[in-house]
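Engineer: Structure incoming, see below.
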Amino acid sequence: MAEPIVSLLDPEFTDDPIGAYARLREMSPLVRIGFPGGPPVWLITRNEDIGTALSDPRLVVDYQNVPGHQGPSLADHAIAALDLPDEFRDYLAANLMLVDGQYHSRLRRLVTPAFSARRMKALRPRIEEISAQLIDALVEKGSGDLIEEYSSPLTGTVICGLIGIDEADQPQVRKWMNDYANANADIAASIRSLVDHVKKLIERRRAEPADDMISVLVQKGDEEGDQLTEAEIVSLVLVVVNNGHHSTAHFIPNAILTLFENPDQLALLRAKPEALPHAMYELMRVANPVPLAGPRYATEDMEFAGVPICKGDALTGSLHSANYDPSVFPDAERCDLERVPKRKESHVAFGAGPHYCLGAMLAYIEGEVALDHLLLQRDTLEIAGSLTYHEPVAGGARPLSAFPVRL
Ligand code: HEM
């Protein structure tokens, strides 16, 4: 009998994702889910299986790496969908998220120095400065929207600074960055403008390096002299913009809402602010804004978690389901800031395996600064109206669209 196909956009998921995922985890380690207009995909529901899948070399992110598969690549699809000129294939094809094996390892090796712990920690004073300025402006007004006037400009400005966008150009670049993720905007036009801007910046940083990501990437090759090409650097900038800005901008309001909904935990943190770095791990587990891992494709017929999978089948992992798996997090539905995880990386908010998030440390620092400034250094922040949500996205999550606050 064919497996039933579950839609994560059904009200069962959008109204009560935690309860619905609990039922799926009980039912099976893998369930078939449907996306509008696409073939069914296997959804992995349990924490340990997701960690295993994201590290399994038989599961690839680029469908072209499935033996026997011929046809357009994911970059070709993107170019066709966005009606971009052919040369843009170069800027989209080296997308870290969408390449496998040795080519992915090479890119990771060359880009990792730009995300070193030392570089990320060095960004903290600037993050604090931007956060303080945004809060001052909100305090002066008395009220405003936490996403539009705080978390989004904070994370957008931080990403611009990380990349190396000159301060004078940041408002324009941030507009392209926001349009890039806005289905109602001209996405192709914003990608073209962003790519043009970054190409000129690469040229300038080659001539005169500064202390930023692009300068590190143009200067530094590995020991064998291997270096990123211009197209690979442009492509990395697009991935960082795509992954690094909105995810963190949504984590911050999610975490604040979680603490308002758990006043005992907020009180605990206010009584012991030095516990914030530890608490961030639990907040990332329960307030994770990224519901699903990207799709993986089986390169051979195989059995996964006891379920037969055919070559070419697509699988994805529910990061939300994994983060609430009671076999790893006892009393998983409770937000417990003093929780000590069983092993170092138990939650999978940042994925696992070779594609593990390159910006995890930066996201933790930004989140920590935001919660410290908004909730610990003051106790006046309160919700000042109805929260509104975007339409549910794949994975059943409903991202917040407006978070009116008073300060
Ligand atoms: C709360 C904030 C964030 C969350 C929850 C998050 C989550 C994730 C997840 C789940 C993945 C893996 C996806 C998969 O395997 O399919 C990922 C990859 C990635 N993330 Fe993040 N991310 C966040 C912030 C950031 C930031 C701030 C940056 C950059 C500064 C960033 C850059 C990246 C990059 C470059 C990858 C691709 C890595 C690779 O494919 O090798 N992320 N992120």
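Identifiers for the structure tokens are assigned positionally: chains receive A, B, ... in sequence, residues are indexed from 1 per chain, and ligands are indexed from 1 in the order shown.
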Would you please give, as JSON, numbers by chain, all residues of segment 4-64 of chain A that DSSP assigns to strand (DSSP E or B) based on the backbone?
Structural biologist: {"A": [5, 6, 30, 31, 32, 33, 41, 42, 43, 44, 59, 60]}
Engineer: For the residues in the current selection, export N, CA and C atoms as a PDB file, in the first residue's frame.
Structural biologist:
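Listing of out_39.pdb after writing:
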```
ATOM      1  N   ILE A   5       0.334  10.606   2.155  1.00  0.00           N
ATOM      2  CA  ILE A   5       1.156  11.814   2.014  1.00  0.00           C
ATOM      3  C   ILE A   5       0.627  12.896   2.953  1.00  0.00           C
ATOM      4  N   VAL A   6       1.540  13.397   3.802  1.00  0.00           N
ATOM      5  CA  VAL A   6       1.160  14.376   4.810  1.00  0.00           C
ATOM      6  C   VAL A   6       1.482  15.774   4.278  1.00  0.00           C
ATOM      7  N   LEU A  30      10.247   7.979   9.274  1.00  0.00           N
ATOM      8  CA  LEU A  30      10.171   8.667   7.973  1.00  0.00           C
ATOM      9  C   LEU A  30       8.721   8.718   7.529  1.00  0.00           C
ATOM     10  N   VAL A  31       8.255   9.904   7.130  1.00  0.00           N
ATOM     11  CA  VAL A  31       6.905   9.972   6.559  1.00  0.00           C
ATOM     12  C   VAL A  31       6.975  10.693   5.223  1.00  0.00           C
ATOM     13  N   ARG A  32       6.029  10.364   4.358  1.00  0.00           N
ATOM     14  CA  ARG A  32       6.001  11.032   3.041  1.00  0.00           C
ATOM     15  C   ARG A  32       5.288  12.360   3.202  1.00  0.00           C
ATOM     16  N   ILE A  33       5.918  13.448   2.734  1.00  0.00           N
ATOM     17  CA  ILE A  33       5.216  14.742   2.773  1.00  0.00           C
ATOM     18  C   ILE A  33       5.111  15.288   1.363  1.00  0.00           C
ATOM     19  N   VAL A  41       8.278  13.925  -0.711  1.00  0.00           N
ATOM     20  CA  VAL A  41       9.615  13.933  -0.118  1.00  0.00           C
ATOM     21  C   VAL A  41       9.514  13.155   1.193  1.00  0.00           C
ATOM     22  N   TRP A  42      10.572  12.391   1.532  1.00  0.00           N
ATOM     23  CA  TRP A  42      10.588  11.716   2.844  1.00  0.00           C
ATOM     24  C   TRP A  42      10.960  12.727   3.913  1.00  0.00           C
ATOM     25  N   LEU A  43      10.168  12.805   4.961  1.00  0.00           N
ATOM     26  CA  LEU A  43      10.507  13.691   6.081  1.00  0.00           C
ATOM     27  C   LEU A  43      11.047  12.846   7.229  1.00  0.00           C
ATOM     28  N   ILE A  44      12.271  13.160   7.665  1.00  0.00           N
ATOM     29  CA  ILE A  44      12.859  12.436   8.797  1.00  0.00           C
ATOM     30  C   ILE A  44      12.398  13.150  10.068  1.00  0.00           C
ATOM     31  N   LEU A  59      23.709  10.482   0.662  1.00  0.00           N
ATOM     32  CA  LEU A  59      22.629  11.463   0.455  1.00  0.00           C
ATOM     33  C   LEU A  59      23.277  12.778   0.030  1.00  0.00           C
ATOM     34  N   VAL A  60      22.919  13.283  -1.153  1.00  0.00           N
ATOM     35  CA  VAL A  60      23.600  14.466  -1.690  1.00  0.00           C
ATOM     36  C   VAL A  60      22.620  15.632  -1.809  1.00  0.00           C
TER      37      VAL A  60
END
```
Engineer: Give me every helix (DSSP H, G or I) residue in segment 180-351 of chain A, going by DSSP on the backbone, as a VMD selection string.
Structural biologist: chain A and resid 180 187 to 207 213 to 219 230 to 244 246 to 261 263 to 271 273 to 286 319 to 323
Engineer: Looking at only C-alpha atoms and all ligand atoms, which of A:Asn65, A:Gln170, A:Ser235, A:Ser28 is the one that sits closest to ligand 1?
Structural biologist: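 The closest residue to ligand 1 is A:Ser235.
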Engineer: Closest to Val348 of chain A among A:Thr258, A:Ser105, A:Thr14, A:Thr52, using only C-alpha atoms?
Structural biologist: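 Checking each of A:Thr258, A:Ser105, A:Thr14, A:Thr52 against Val348 of chain A, counting only C-alpha atoms, the winner is A:Thr52.
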Engineer: For Leu82 of chain A, work out the shell of residues within 10 Å, counting only C-alpha atoms and skipping chain neighbours fewer than 5 positions away, then give it as a JSON list (two decimals) with N, CA and C atoms, in the first residue's frame.
Structural biologist:
```json
[["chain", "number", "residue", "atom", "x", "y", "z"],
["A", 76, "ASP", "N", 20.78, 25.95, -12.92],
["A", 76, "ASP", "CA", 20.01, 26.15, -14.17],
["A", 76, "ASP", "C", 18.55, 26.47, -13.85],
["A", 77, "HIS", "N", 18.00, 25.71, -12.88],
["A", 77, "HIS", "CA", 16.61, 25.95, -12.48],
["A", 77, "HIS", "C", 16.42, 27.37, -11.99],
["A", 186, "ASP", "N", 11.23, 42.50, -7.00],
["A", 186, "ASP", "CA", 11.90, 42.02, -8.22],
["A", 186, "ASP", "C", 13.21, 41.35, -7.79],
["A", 187, "ILE", "N", 13.12, 40.04, -7.51],
["A", 187, "ILE", "CA", 14.27, 39.31, -6.94],
["A", 187, "ILE", "C", 15.45, 39.33, -7.92],
["A", 188, "ALA", "N", 15.14, 39.13, -9.22],
["A", 188, "ALA", "CA", 16.22, 39.07, -10.21],
["A", 188, "ALA", "C", 16.97, 40.40, -10.23],
["A", 189, "ALA", "N", 16.24, 41.51, -10.18],
["A", 189, "ALA", "CA", 16.90, 42.83, -10.23],
["A", 189, "ALA", "C", 17.77, 43.02, -9.00],
["A", 191, "ILE", "N", 19.23, 40.66, -7.23],
["A", 191, "ILE", "CA", 20.43, 39.79, -7.33],
["A", 191, "ILE", "C", 21.45, 40.44, -8.28]]
```
Engineer: For the atom pair atom CA of Tyr103 of chain A and atom 2 (C, counted along the ligand's line) of ligand 1, what is the interatomic distance in Å to one decimal place?
Structural biologist: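 Going from atom CA of Tyr103 of chain A over to atom 2 (C, counted along the ligand's line) of ligand 1, I get 24.8 Å.
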Engineer: Can you work out which one of A:Arg296, A:Arg118, A:Arg46, A:Arg339 has the shortest atom-to-atom distance to ligand 1, counting only C-alpha atoms and all ligand atoms?
Structural biologist: A:Arg296
Engineer: Calculated over only C-alpha atoms and all ligand atoms, which of the candidates A:Pro171, A:Gly34, A:Gly142, A:Gly244 has the smallest distance to ligand 1?
Structural biologist: A:Gly244
Engineer: For a quick check of understanding, using only C-alpha atoms, which of A:Val66, A:Val99, A:Thr155, A:Lys272 has the smallest distance to Lys311 of chain A?
Structural biologist: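 Looking only at the distances to Lys311 of chain A, the closest residue turns out to be A:Val66.
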Engineer: Between A:Thr316, A:Asn182, A:Ser321, A:Ser190, single out the one closest to ligand 1, counting only C-alpha atoms and all ligand atoms.
Structural biologist: A:Thr316
Engineer: Env of Glu129 of chain A: 12 Å cut, atoms = only C-alpha atoms, seq-sep filter 4 positions within chain, self excluded. Answer as a ChimeraX atom specification.
Structural biologist: /A:123-125,133-136,154,157-158,366,369-370,373
Engineer: Produce a file of the selected residues containing C-alpha atoms, as a PDB file, in the first residue's frame.
Structural biologist:
```pdb
ATOM      1  CA  LEU A 123      32.353  41.714  15.688  1.00  0.00           C
ATOM      2  CA  ARG A 124      30.706  41.855  19.126  1.00  0.00           C
ATOM      3  CA  PRO A 125      31.479  45.536  19.991  1.00  0.00           C
ATOM      4  CA  GLN A 133      21.510  52.753  18.517  1.00  0.00           C
ATOM      5  CA  LEU A 134      18.397  50.904  17.370  1.00  0.00           C
ATOM      6  CA  ILE A 135      17.083  50.649  20.941  1.00  0.00           C
ATOM      7  CA  ASP A 136      17.740  54.354  21.578  1.00  0.00           C
ATOM      8  CA  LEU A 154      20.503  44.727  13.307  1.00  0.00           C
ATOM      9  CA  THR A 157      23.807  45.721   9.175  1.00  0.00           C
ATOM     10  CA  VAL A 158      25.901  43.013  10.846  1.00  0.00           C
ATOM     11  CA  GLU A 366      23.850  38.489  17.857  1.00  0.00           C
ATOM     12  CA  VAL A 369      23.508  40.875  22.552  1.00  0.00           C
ATOM     13  CA  ALA A 370      19.848  41.376  21.565  1.00  0.00           C
ATOM     14  CA  HIS A 373      20.040  44.718  25.650  1.00  0.00           C
TER      15      HIS A 373
END
```
Engineer: Which distance in Å separates atom CA of Tyr297 of chain A and atom CA of Ile50 of chain A, to one decimal?
Structural biologist: 13.8 Å
Engineer: Quick check, in Å to one decimal: how far apart do atom CA of Arg285 of chain A and atom CA of Tyr150 of chain A lie?
Structural biologist: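 Between these atoms lies a distance of 22.1 Å.
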Engineer: Find the residues around Val111 of chain A up to 9 Å (only C-alpha atoms counted), leave out those fewer than 5 positions away in its own chain, and share them as an MDAnalysis selection string.
Structural biologist: chainID A and resid 106 213 216:217 228 233 236
Engineer: Within 10 Å of segment 161-166 of chain A, which residues of segment 36-147 of chain A show up? Give each one with its shortest atom-to-atom distance in Å (one decimal) and the two atoms involved, counting only C-alpha atoms, rows by chain then rising residue number, as a tab-separated table.
Structural biologist:
```
residue	atom	partner	partner_atom	distance
A:Ala114	CA	A:Leu162	CA	8.9
A:Phe115	CA	A:Leu162	CA	9.1
A:Arg119	CA	A:Leu162	CA	9.1
A:Met120	CA	A:Leu162	CA	8.7
A:Leu123	CA	A:Leu162	CA	7.9
A:Arg126	CA	A:Gly161	CA	8.9
A:Ile127	CA	A:Gly161	CA	9.6
```
